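The next block is query.pdb, given as PDB, C-alpha atoms and all ligand atoms.
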```pdb
ATOM      1  CA  SER A  15     -12.800  43.444  15.516
ATOM      2  CA  ILE A  16     -12.976  40.134  13.683
ATOM      3  CA  ASP A  17     -12.600  36.745  15.383
ATOM      4  CA  PRO A  18     -11.215  34.549  12.548
ATOM      5  CA  GLN A  19     -12.296  31.271  14.170
ATOM      6  CA  GLN A  20     -15.826  32.572  14.586
ATOM      7  CA  VAL A  21     -15.884  33.777  10.960
ATOM      8  CA  LEU A  22     -14.768  30.302   9.823
ATOM      9  CA  GLU A  23     -17.321  28.447  11.931
ATOM     10  CA  TRP A  24     -20.122  30.671  10.734
ATOM     11  CA  THR A  25     -18.991  30.242   7.101
ATOM     12  CA  ILE A  26     -18.956  26.440   7.481
ATOM     13  CA  SER A  27     -22.530  26.498   8.710
ATOM     14  CA  LEU A  28     -23.523  28.821   5.835
ATOM     15  CA  ALA A  29     -21.896  26.489   3.283
ATOM     16  CA  LYS A  30     -23.863  23.532   4.690
ATOM     17  CA  GLN A  31     -27.140  25.460   4.424
ATOM     18  CA  ALA A  32     -26.231  26.481   0.872
ATOM     19  CA  GLY A  33     -25.540  22.789   0.170
ATOM     20  CA  SER A  34     -29.191  22.064   0.982
ATOM     21  CA  VAL A  35     -30.326  24.784  -1.456
ATOM     22  CA  ILE A  36     -28.100  23.201  -4.121
ATOM     23  CA  SER A  37     -29.349  19.655  -3.433
ATOM     24  CA  LYS A  38     -32.954  20.835  -3.579
ATOM     25  CA  GLY A  39     -32.247  22.669  -6.847
ATOM     26  CA  ARG A  40     -31.043  19.412  -8.415
ATOM     27  CA  GLU A  41     -34.459  17.846  -7.920
ATOM     28  CA  THR A  42     -36.173  20.164 -10.432
ATOM     29  CA  LEU A  43     -33.162  20.952 -12.607
ATOM     30  CA  ARG A  44     -33.831  18.446 -15.384
ATOM     31  CA  ASP A  45     -37.411  19.680 -15.811
ATOM     32  CA  ASP A  46     -36.300  23.332 -15.847
ATOM     33  CA  ILE A  47     -33.624  22.606 -18.448
ATOM     34  CA  ALA A  48     -36.006  20.558 -20.593
ATOM     35  CA  LYS A  49     -38.431  23.495 -20.661
ATOM     36  CA  ASP A  50     -35.888  26.058 -21.829
ATOM     37  CA  TYR A  51     -32.386  24.789 -22.565
ATOM     38  CA  ASP A  52     -31.077  28.168 -23.736
ATOM     39  CA  SER A  53     -31.897  29.752 -20.394
ATOM     40  CA  ILE A  54     -28.822  28.128 -18.788
ATOM     41  CA  ILE A  55     -26.322  29.441 -21.346
ATOM     42  CA  LYS A  56     -24.139  32.449 -20.414
ATOM     43  CA  LYS A  57     -21.484  33.442 -22.954
ATOM     44  CA  ASN A  58     -21.430  30.112 -24.807
ATOM     45  CA  SER A  59     -22.712  26.547 -24.454
ATOM     46  CA  SER A  60     -19.863  25.595 -22.091
ATOM     47  CA  ASP A  61     -20.441  28.565 -19.773
ATOM     48  CA  LEU A  62     -23.615  27.802 -17.837
ATOM     49  CA  VAL A  63     -25.751  29.316 -15.106
ATOM     50  CA  THR A  64     -28.825  27.653 -13.603
ATOM     51  CA  LYS A  65     -31.582  29.070 -11.436
ATOM     52  CA  THR A  66     -29.949  27.146  -8.563
ATOM     53  CA  ASP A  67     -26.680  29.111  -9.008
ATOM     54  CA  GLN A  68     -28.687  32.335  -8.744
ATOM     55  CA  ASP A  69     -30.912  31.183  -5.859
ATOM     56  CA  THR A  70     -27.898  29.899  -3.902
ATOM     57  CA  GLU A  71     -25.960  33.129  -4.400
ATOM     58  CA  ALA A  72     -28.988  35.236  -3.345
ATOM     59  CA  PHE A  73     -29.433  33.057  -0.234
ATOM     60  CA  VAL A  74     -25.759  33.289   0.734
ATOM     61  CA  LYS A  75     -25.502  37.016   0.036
ATOM     62  CA  LYS A  76     -28.542  37.828   2.199
ATOM     63  CA  ALA A  77     -27.270  35.656   5.061
ATOM     64  CA  ILE A  78     -23.853  37.379   4.926
ATOM     65  CA  LEU A  79     -25.232  40.908   4.931
ATOM     66  CA  ASP A  80     -27.764  40.065   7.683
ATOM     67  CA  LYS A  81     -25.041  38.593   9.885
ATOM     68  CA  TRP A  82     -22.060  40.889   9.253
ATOM     69  CA  GLY A  83     -23.803  44.181   8.408
ATOM     70  CA  PRO A  84     -24.118  46.408   5.334
ATOM     71  CA  GLU A  85     -20.490  47.546   5.367
ATOM     72  CA  THR A  86     -19.458  43.965   4.535
ATOM     73  CA  LYS A  87     -18.396  43.463   0.913
ATOM     74  CA  PHE A  88     -19.749  40.699  -1.261
ATOM     75  CA  ILE A  89     -18.134  39.493  -4.487
ATOM     76  CA  GLY A  90     -20.056  36.747  -6.261
ATOM     77  CA  GLU A  91     -19.930  35.094  -9.652
ATOM     78  CA  GLU A  92     -23.577  35.726 -10.471
ATOM     79  CA  SER A  93     -23.668  39.238  -8.954
ATOM     80  CA  TYR A  94     -20.703  40.100 -11.175
ATOM     81  CA  ALA A  95     -22.491  38.585 -14.185
ATOM     82  CA  ALA A  96     -25.453  40.815 -13.345
ATOM     83  CA  GLY A  97     -23.240  43.925 -13.512
ATOM     84  CA  GLU A  98     -21.889  44.412  -9.971
ATOM     85  CA  GLU A  99     -18.271  45.489  -9.519
ATOM     86  CA  ASN A 100     -15.491  43.423  -7.946
ATOM     87  CA  VAL A 101     -13.767  45.760  -5.555
ATOM     88  CA  LEU A 102     -11.477  44.489  -2.872
ATOM     89  CA  ASP A 103     -10.511  46.873  -0.071
ATOM     90  CA  ASP A 104      -9.882  46.524   3.669
ATOM     91  CA  ALA A 105     -13.468  45.584   4.530
ATOM     92  CA  LEU A 106     -14.506  42.082   5.530
ATOM     93  CA  THR A 107     -15.230  40.556   2.121
ATOM     94  CA  PHE A 108     -16.915  37.305   1.133
ATOM     95  CA  ILE A 109     -15.964  35.960  -2.311
ATOM     96  CA  VAL A 110     -18.470  33.367  -3.455
ATOM     97  CA  ASP A 111     -18.999  30.928  -6.264
ATOM     98  CA  PRO A 112     -22.450  29.504  -5.475
ATOM     99  CA  ILE A 113     -21.806  26.458  -7.676
ATOM    100  CA  ASP A 114     -18.293  25.846  -8.932
ATOM    101  CA  GLY A 115     -18.622  23.172 -11.583
ATOM    102  CA  THR A 116     -22.023  24.196 -12.938
ATOM    103  CA  THR A 117     -21.612  21.973 -15.992
ATOM    104  CA  ASN A 118     -21.037  18.976 -13.703
ATOM    105  CA  PHE A 119     -24.071  20.037 -11.666
ATOM    106  CA  THR A 120     -26.350  20.024 -14.710
ATOM    107  CA  HIS A 121     -25.127  16.522 -15.644
ATOM    108  CA  ALA A 122     -25.255  15.172 -12.056
ATOM    109  CA  PHE A 123     -21.510  14.465 -12.277
ATOM    110  CA  PRO A 124     -20.797  14.819  -8.544
ATOM    111  CA  PHE A 125     -17.769  17.166  -8.679
ATOM    112  CA  PHE A 126     -19.483  20.463  -7.916
ATOM    113  CA  CYS A 127     -19.373  22.593  -4.809
ATOM    114  CA  ILE A 128     -19.988  25.929  -3.209
ATOM    115  CA  SER A 129     -16.814  27.931  -2.668
ATOM    116  CA  ILE A 130     -16.648  30.750  -0.114
ATOM    117  CA  ALA A 131     -13.465  32.730   0.529
ATOM    118  CA  VAL A 132     -13.241  35.372   3.213
ATOM    119  CA  ALA A 133     -10.779  38.244   2.883
ATOM    120  CA  TYR A 134      -9.981  40.910   5.449
ATOM    121  CA  LYS A 135      -7.678  43.898   4.945
ATOM    122  CA  SER A 136      -7.178  42.591   1.382
ATOM    123  CA  GLN A 137      -5.696  39.287   2.575
ATOM    124  CA  LEU A 138      -7.256  35.861   2.368
ATOM    125  CA  LEU A 139      -8.433  34.908   5.844
ATOM    126  CA  ALA A 140     -10.524  31.759   5.407
ATOM    127  CA  GLY A 141     -11.875  29.400   2.783
ATOM    128  CA  VAL A 142     -14.668  26.832   2.763
ATOM    129  CA  VAL A 143     -15.442  24.469  -0.118
ATOM    130  CA  TYR A 144     -18.419  22.134   0.248
ATOM    131  CA  ALA A 145     -19.317  19.423  -2.262
ATOM    132  CA  PRO A 146     -22.691  18.080  -1.047
ATOM    133  CA  PHE A 147     -22.813  15.103  -3.437
ATOM    134  CA  LEU A 148     -19.324  13.998  -2.359
ATOM    135  CA  ASP A 149     -19.998  14.580   1.345
ATOM    136  CA  ARG A 150     -16.739  16.539   1.536
ATOM    137  CA  LEU A 151     -16.258  19.919   3.168
ATOM    138  CA  TYR A 152     -12.815  21.534   3.122
ATOM    139  CA  THR A 153     -11.779  24.425   5.344
ATOM    140  CA  GLY A 154      -8.705  26.621   5.659
ATOM    141  CA  LEU A 155      -7.964  29.397   8.129
ATOM    142  CA  ALA A 156      -4.911  31.652   7.858
ATOM    143  CA  GLY A 157      -2.207  30.399  10.202
ATOM    144  CA  GLN A 158      -4.422  27.590  11.565
ATOM    145  CA  GLY A 159      -4.197  24.835   8.957
ATOM    146  CA  SER A 160      -6.759  23.256   6.700
ATOM    147  CA  TYR A 161      -9.111  20.336   7.249
ATOM    148  CA  LEU A 162     -11.454  17.926   5.533
ATOM    149  CA  ILE A 163     -14.782  17.312   7.234
ATOM    150  CA  THR A 164     -17.207  14.658   6.045
ATOM    151  CA  PRO A 165     -20.462  16.210   7.236
ATOM    152  CA  SER A 166     -22.213  12.814   7.540
ATOM    153  CA  ASP A 167     -19.858  11.804  10.379
ATOM    154  CA  GLY A 168     -18.449  15.209  11.300
ATOM    155  CA  THR A 169     -14.831  14.309  12.144
ATOM    156  CA  PRO A 170     -12.288  16.885  10.871
ATOM    157  CA  ARG A 171      -9.085  15.473   9.373
ATOM    158  CA  LYS A 172      -6.012  17.665   8.960
ATOM    159  CA  LEU A 173      -4.658  18.266   5.438
ATOM    160  CA  PRO A 174      -2.722  16.902   3.736
ATOM    161  CA  LEU A 175      -4.436  13.615   4.564
ATOM    162  CA  GLN A 176      -1.236  11.652   4.192
ATOM    163  CA  LYS A 177       2.452  12.281   3.773
ATOM    164  CA  PRO A 178       2.952  13.586   0.211
ATOM    165  CA  LEU A 179       4.665  11.066  -2.083
ATOM    166  CA  PRO A 180       8.171  12.035  -3.151
ATOM    167  CA  LEU A 181       7.991  14.001  -6.394
ATOM    168  CA  PRO A 182      11.417  13.930  -8.013
ATOM    169  CA  SER A 183      10.023  14.937 -11.402
ATOM    170  CA  LEU A 184       6.844  15.501 -13.356
ATOM    171  CA  LYS A 185       6.956  11.805 -14.324
ATOM    172  CA  GLN A 186       5.530  10.917 -10.904
ATOM    173  CA  ALA A 187       2.868  13.621 -10.894
ATOM    174  CA  LEU A 188      -0.907  13.356 -11.176
ATOM    175  CA  ILE A 189      -2.031  16.778 -12.327
ATOM    176  CA  ALA A 190      -5.275  18.643 -13.035
ATOM    177  CA  LEU A 191      -5.658  20.769 -16.146
ATOM    178  CA  GLU A 192      -8.898  22.317 -17.347
ATOM    179  CA  TRP A 193     -10.276  23.385 -20.705
ATOM    180  CA  GLY A 194     -12.289  26.185 -19.024
ATOM    181  CA  SER A 195     -15.224  27.910 -20.660
ATOM    182  CA  ASP A 196     -13.332  30.249 -22.971
ATOM    183  CA  ARG A 197     -13.410  28.149 -26.142
ATOM    184  CA  LYS A 198     -11.888  30.655 -28.550
ATOM    185  CA  HIS A 199      -9.830  28.706 -31.052
ATOM    186  CA  GLU A 200      -6.485  30.308 -30.034
ATOM    187  CA  THR A 201      -7.130  29.613 -26.335
ATOM    188  CA  VAL A 202      -8.049  25.973 -26.876
ATOM    189  CA  GLU A 203      -5.082  25.509 -29.192
ATOM    190  CA  ARG A 204      -2.715  26.854 -26.517
ATOM    191  CA  LYS A 205      -4.196  24.575 -23.878
ATOM    192  CA  ALA A 206      -4.035  21.590 -26.266
ATOM    193  CA  ARG A 207      -0.315  22.282 -26.808
ATOM    194  CA  THR A 208       0.257  22.287 -23.051
ATOM    195  CA  MET A 209      -1.710  19.028 -22.702
ATOM    196  CA  GLU A 210       0.268  17.463 -25.538
ATOM    197  CA  LYS A 211       3.595  18.418 -23.946
ATOM    198  CA  LEU A 212       2.558  17.015 -20.594
ATOM    199  CA  ALA A 213       0.988  13.828 -21.970
ATOM    200  CA  SER A 214       3.532  12.747 -24.540
ATOM    201  CA  GLN A 215       6.818  10.922 -24.153
ATOM    202  CA  ARG A 216       8.309  13.511 -26.488
ATOM    203  CA  GLY A 217       7.587  16.262 -23.966
ATOM    204  CA  ASN A 218       7.601  16.529 -20.200
ATOM    205  CA  MET A 219       5.460  13.450 -19.621
ATOM    206  CA  VAL A 220       3.410  13.347 -16.416
ATOM    207  CA  GLN A 221       1.906  10.224 -14.885
ATOM    208  CA  GLY A 222      -1.707  11.308 -15.334
ATOM    209  CA  ILE A 223      -3.833  14.295 -16.362
ATOM    210  CA  ARG A 224      -7.359  14.840 -15.022
ATOM    211  CA  SER A 225      -9.959  17.508 -15.807
ATOM    212  CA  ILE A 226     -12.584  17.273 -13.098
ATOM    213  CA  GLY A 227     -14.477  20.448 -13.995
ATOM    214  CA  SER A 228     -14.217  22.339 -10.716
ATOM    215  CA  ALA A 229     -11.399  24.740  -9.939
ATOM    216  CA  ALA A 230     -12.207  24.804  -6.224
ATOM    217  CA  LEU A 231     -12.222  21.004  -5.900
ATOM    218  CA  SER A 232      -9.029  20.707  -7.955
ATOM    219  CA  CYS A 233      -7.382  22.996  -5.376
ATOM    220  CA  CYS A 234      -8.782  20.873  -2.518
ATOM    221  CA  PHE A 235      -7.442  17.663  -4.074
ATOM    222  CA  VAL A 236      -3.975  19.237  -4.260
ATOM    223  CA  ALA A 237      -4.346  20.319  -0.615
ATOM    224  CA  GLU A 238      -5.380  16.845   0.565
ATOM    225  CA  GLY A 239      -2.495  15.302  -1.383
ATOM    226  CA  SER A 240      -4.439  13.190  -3.878
ATOM    227  CA  MET A 241      -3.229  15.365  -6.777
ATOM    228  CA  ASP A 242       0.130  17.058  -7.182
ATOM    229  CA  LEU A 243      -0.672  20.134  -9.193
ATOM    230  CA  TYR A 244      -3.521  22.083 -10.705
ATOM    231  CA  HIS A 245      -2.950  24.582 -13.471
ATOM    232  CA  GLU A 246      -5.452  26.771 -15.222
ATOM    233  CA  ILE A 247      -5.440  29.911 -17.280
ATOM    234  CA  GLY A 248      -8.199  32.420 -16.668
ATOM    235  CA  CYS A 249      -9.712  31.680 -13.254
ATOM    236  CA  TRP A 250     -11.655  34.191 -11.230
ATOM    237  CA  ALA A 251     -11.246  34.965  -7.538
ATOM    238  CA  TRP A 252     -14.477  33.111  -6.673
ATOM    239  CA  ASP A 253     -13.188  29.939  -8.375
ATOM    240  CA  ILE A 254      -9.969  29.742  -6.372
ATOM    241  CA  GLY A 255     -10.016  32.176  -3.409
ATOM    242  CA  ALA A 256     -11.141  29.483  -0.954
ATOM    243  CA  GLY A 257      -9.023  26.767  -2.612
ATOM    244  CA  PHE A 258      -5.891  28.926  -2.384
ATOM    245  CA  THR A 259      -6.353  29.375   1.368
ATOM    246  CA  ILE A 260      -6.876  25.630   1.788
ATOM    247  CA  ILE A 261      -3.739  24.781  -0.249
ATOM    248  CA  ASN A 262      -1.554  27.375   1.460
ATOM    249  CA  GLU A 263      -2.620  26.141   4.883
ATOM    250  CA  ALA A 264      -1.907  22.528   3.885
ATOM    251  CA  GLY A 265       1.699  23.517   3.097
ATOM    252  CA  GLY A 266       1.274  23.824  -0.678
ATOM    253  CA  LEU A 267       2.070  26.731  -2.903
ATOM    254  CA  THR A 268      -0.225  28.894  -4.987
ATOM    255  CA  VAL A 269       0.840  31.189  -7.765
ATOM    256  CA  GLY A 270      -1.210  33.759  -9.620
ATOM    257  CA  SER A 271      -0.076  36.200 -12.286
ATOM    258  CA  LYS A 272      -0.152  39.911 -11.599
ATOM    259  CA  ASP A 273      -2.917  40.669 -14.055
ATOM    260  CA  ASP A 274      -5.541  38.256 -12.801
ATOM    261  CA  THR A 275      -8.358  39.009 -10.396
ATOM    262  CA  LEU A 276      -6.871  36.950  -7.634
ATOM    263  CA  SER A 277      -3.588  38.817  -7.439
ATOM    264  CA  LYS A 278      -5.648  41.679  -6.028
ATOM    265  CA  ILE A 279      -6.095  39.550  -2.965
ATOM    266  CA  LYS A 280      -2.362  39.013  -2.635
ATOM    267  CA  ALA A 281      -2.156  35.297  -3.147
ATOM    268  CA  ASN A 282       1.568  35.113  -3.784
ATOM    269  CA  GLY A 283       1.837  37.559  -6.685
ATOM    270  CA  LYS A 284       4.664  35.707  -8.519
ATOM    271  CA  GLU A 285       4.262  34.624 -12.120
ATOM    272  CA  LEU A 286       5.417  31.102 -12.752
ATOM    273  CA  GLY A 287       4.407  30.472 -16.328
ATOM    274  CA  ILE A 288       5.558  27.050 -17.345
ATOM    275  CA  VAL A 289       5.563  24.020 -15.148
ATOM    276  CA  THR A 290       8.969  22.381 -14.899
ATOM    277  CA  PRO A 291      10.150  19.416 -12.831
ATOM    278  CA  GLN A 292      12.336  21.797 -10.828
ATOM    279  CA  VAL A 293       9.436  23.832  -9.532
ATOM    280  CA  LEU A 294       7.580  20.706  -8.513
ATOM    281  CA  GLN A 295      10.361  19.148  -6.518
ATOM    282  CA  GLY A 296       9.244  17.846  -3.193
ATOM    283  CA  ARG A 297       6.195  20.073  -2.820
ATOM    284  CA  LYS A 298       2.575  20.274  -3.793
ATOM    285  CA  TYR A 299       1.794  23.103  -6.126
ATOM    286  CA  CYS A 300      -1.232  24.835  -7.488
ATOM    287  CA  VAL A 301      -0.490  27.153 -10.353
ATOM    288  CA  VAL A 302      -3.101  29.515 -11.626
ATOM    289  CA  ARG A 303      -2.319  32.145 -14.179
ATOM    290  CA  GLY A 304      -4.332  35.044 -15.552
ATOM    291  CA  ALA A 305      -5.626  34.815 -19.114
TER
HETATM  292  C1  LIG A 401     -15.611  26.828 -13.711
HETATM  293  C2  LIG A 401     -15.037  25.518 -13.223
HETATM  294  C3  LIG A 401     -14.138  24.901 -14.277
HETATM  295  C4  LIG A 401     -13.017  25.834 -14.679
HETATM  296  C5  LIG A 401     -13.573  27.184 -15.105
HETATM  297  C6  LIG A 401     -14.471  27.772 -14.016
HETATM  298  P1  LIG A 401     -18.078  27.547 -12.858
HETATM  299  O1  LIG A 401     -16.430  27.430 -12.728
HETATM  300  O2  LIG A 401     -14.305  25.720 -12.059
HETATM  301  O3  LIG A 401     -13.510  23.750 -13.800
HETATM  302  O4  LIG A 401     -12.326  25.254 -15.747
HETATM  303  O5  LIG A 401     -12.473  28.060 -15.322
HETATM  304  O6  LIG A 401     -14.993  29.011 -14.459
HETATM  305  O7  LIG A 401     -18.361  28.353 -14.081
HETATM  306  O8  LIG A 401     -18.581  26.149 -12.964
HETATM  307  O9  LIG A 401     -18.475  28.246 -11.615
END
```
This entry written out as structure tokens:
Amino acid sequence: SIDPQQVLEWTISLAKQAGSVISKGRETLRDDIAKDYDSIIKKNSSDLVTKTDQDTEAFVKKAILDKWGPETKFIGEESYAAGEENVLDDALTFIVDPIDGTTNFTHAFPFFCISIAVAYKSQLLAGVVYAPFLDRLYTGLAGQGSYLITPSDGTPRKLPLQKPLPLPSLKQALIALEWGSDRKHETVERKARTMEKLASQRGNMVQGIRSIGSAALSCCFVAEGSMDLYHEIGCWAWDIGAGFTIINEAGGLTVGSKDDTLSKIKANGKELGIVTPQVLQGRKYCVVRGA
């Protein structure tokens, strides 16, 4: 049987080792990109993959299978891109984004991280998000709360870090919205309309909108209480599996639509759709909908 605490501790140590692979990868990244810029492009020039994403995923996958045995399931962004299936069943399953925020990584904008979610019996059990350049490691364990660790000094701090500010309406909210990597005209137009409504006095004006370029870190900022809401259309389970666990354990709420990948791991299957002041009242929310 599985000891959840042991799974979490092992996953934290794996994330730290992966952080070293990522930091090392940054040293040669500029030279690699200069040699062959097109090699980092996946489906378009805002959807990137570097050799470090692939090396980190291979490192993490091998460590997982060596430790937990061949019957363990692995779902990873780059394995999926290479043609593997995403099947979630009752097995112990690790859901991994080796670098969430790859565009940030290539620019040395420090908001990138490794995100590892662990599911068991099709439920999220644990999540670890580690941003090596920010010295921030977030953890969540089902029923046991979520924490921020700064690996340089090691002290865990319980999330949220401070009492959430009262949130009587969207006017007081600092929210995260993303453009994502699907840049089809219709998709961008829809997102621009949402941004316009939330930015303008004519609409449902919020206090501030940020796009930090990492789904996992956006979730962690909601969990720690420095942002009030994160909304995105079209995330994958590896982007938000760990972040959802961390938010839920910090007392926040996550919502996914029924048709997205994440709803398969039962993260609160309700569809919320539009953000209204009513749904925000008094709580921290992360809203993620399928495309
Ligand atoms: C992306 C980032 C980005 C979000 C995209 C994700 P990747 O992940 O999290 O913020 O807008 O939807 O796909 O491609 O850098 O791993």
(message) 9 Å from ligand LIG 401 (chain A) is the threshold here; counting all atoms listed in the file, which polymer residues fall inside it? Answer as a ChimeraX atom specification.
(response) /A:60-63,67,91,111-119,126-128,191-196,225-232,246-250,252-254
(request) Could you tell me how far atom CA of Ala237 of chain A lies from atom CA of Ile260 of chain A, in Å and to one decimal? (result)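 So the answer is 6.4 Å.
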(message) Just to confirm, what's the straight-line distance from atom CA of Asp80 of chain A to atom CA of Gln137 of chain A in Å (one decimal)?
(response) 22.7 Å
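Residues matching the PyMOL selection byres (((chain A and resi 221) around 6) and not hetatm) in this structure come to Lys185, Gln186, Ala187, Leu188, Val220 and Gly222 of chain A.
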(message) Please list, as a PyMOL selection string, the residues that have an atom at most 12 Å away from (-23.1, 14.0, 8.8) in the coordinates of this file, counting only C-alpha atoms.
(response) chain A and resi 30+146+148-151+163-170
(message) If we count all atoms listed in the file and set the cut-off at 12 Å, which residues sit around Arg44 of chain A, ignoring sequence neighbours fewer than 3 positions away in its own chain? Please answer as a PyMOL selection string.
(response) chain A and resi 39-41+47-51+54+64-66+119-122
Selected residues written out, C-alpha atoms, as an mmCIF file, keeping the file's coordinate frame:
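Wrote it out as result12.cif, contents follow:
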```
data_model
loop_
_atom_site.group_PDB
_atom_site.id
_atom_site.type_symbol
_atom_site.label_atom_id
_atom_site.label_comp_id
_atom_site.auth_asym_id
_atom_site.auth_seq_id
_atom_site.Cartn_x
_atom_site.Cartn_y
_atom_site.Cartn_z
ATOM 1 C CA GLY A 39 -32.247 22.669 -6.847
ATOM 2 C CA ARG A 40 -31.043 19.412 -8.415
ATOM 3 C CA GLU A 41 -34.459 17.846 -7.920
ATOM 4 C CA ILE A 47 -33.624 22.606 -18.448
ATOM 5 C CA ALA A 48 -36.006 20.558 -20.593
ATOM 6 C CA LYS A 49 -38.431 23.495 -20.661
ATOM 7 C CA ASP A 50 -35.888 26.058 -21.829
ATOM 8 C CA TYR A 51 -32.386 24.789 -22.565
ATOM 9 C CA ILE A 54 -28.822 28.128 -18.788
ATOM 10 C CA THR A 64 -28.825 27.653 -13.603
ATOM 11 C CA LYS A 65 -31.582 29.070 -11.436
ATOM 12 C CA THR A 66 -29.949 27.146 -8.563
ATOM 13 C CA PHE A 119 -24.071 20.037 -11.666
ATOM 14 C CA THR A 120 -26.350 20.024 -14.710
ATOM 15 C CA HIS A 121 -25.127 16.522 -15.644
ATOM 16 C CA ALA A 122 -25.255 15.172 -12.056
#
```
(message) Residue by residue, what does the PyMOL selection byres (((chain A and resi 98-103) around 7) and not hetatm) grab here? Present the result as a ChimeraX atom specification.
(response) /A:89,93-94,96-97,104-105,135-136
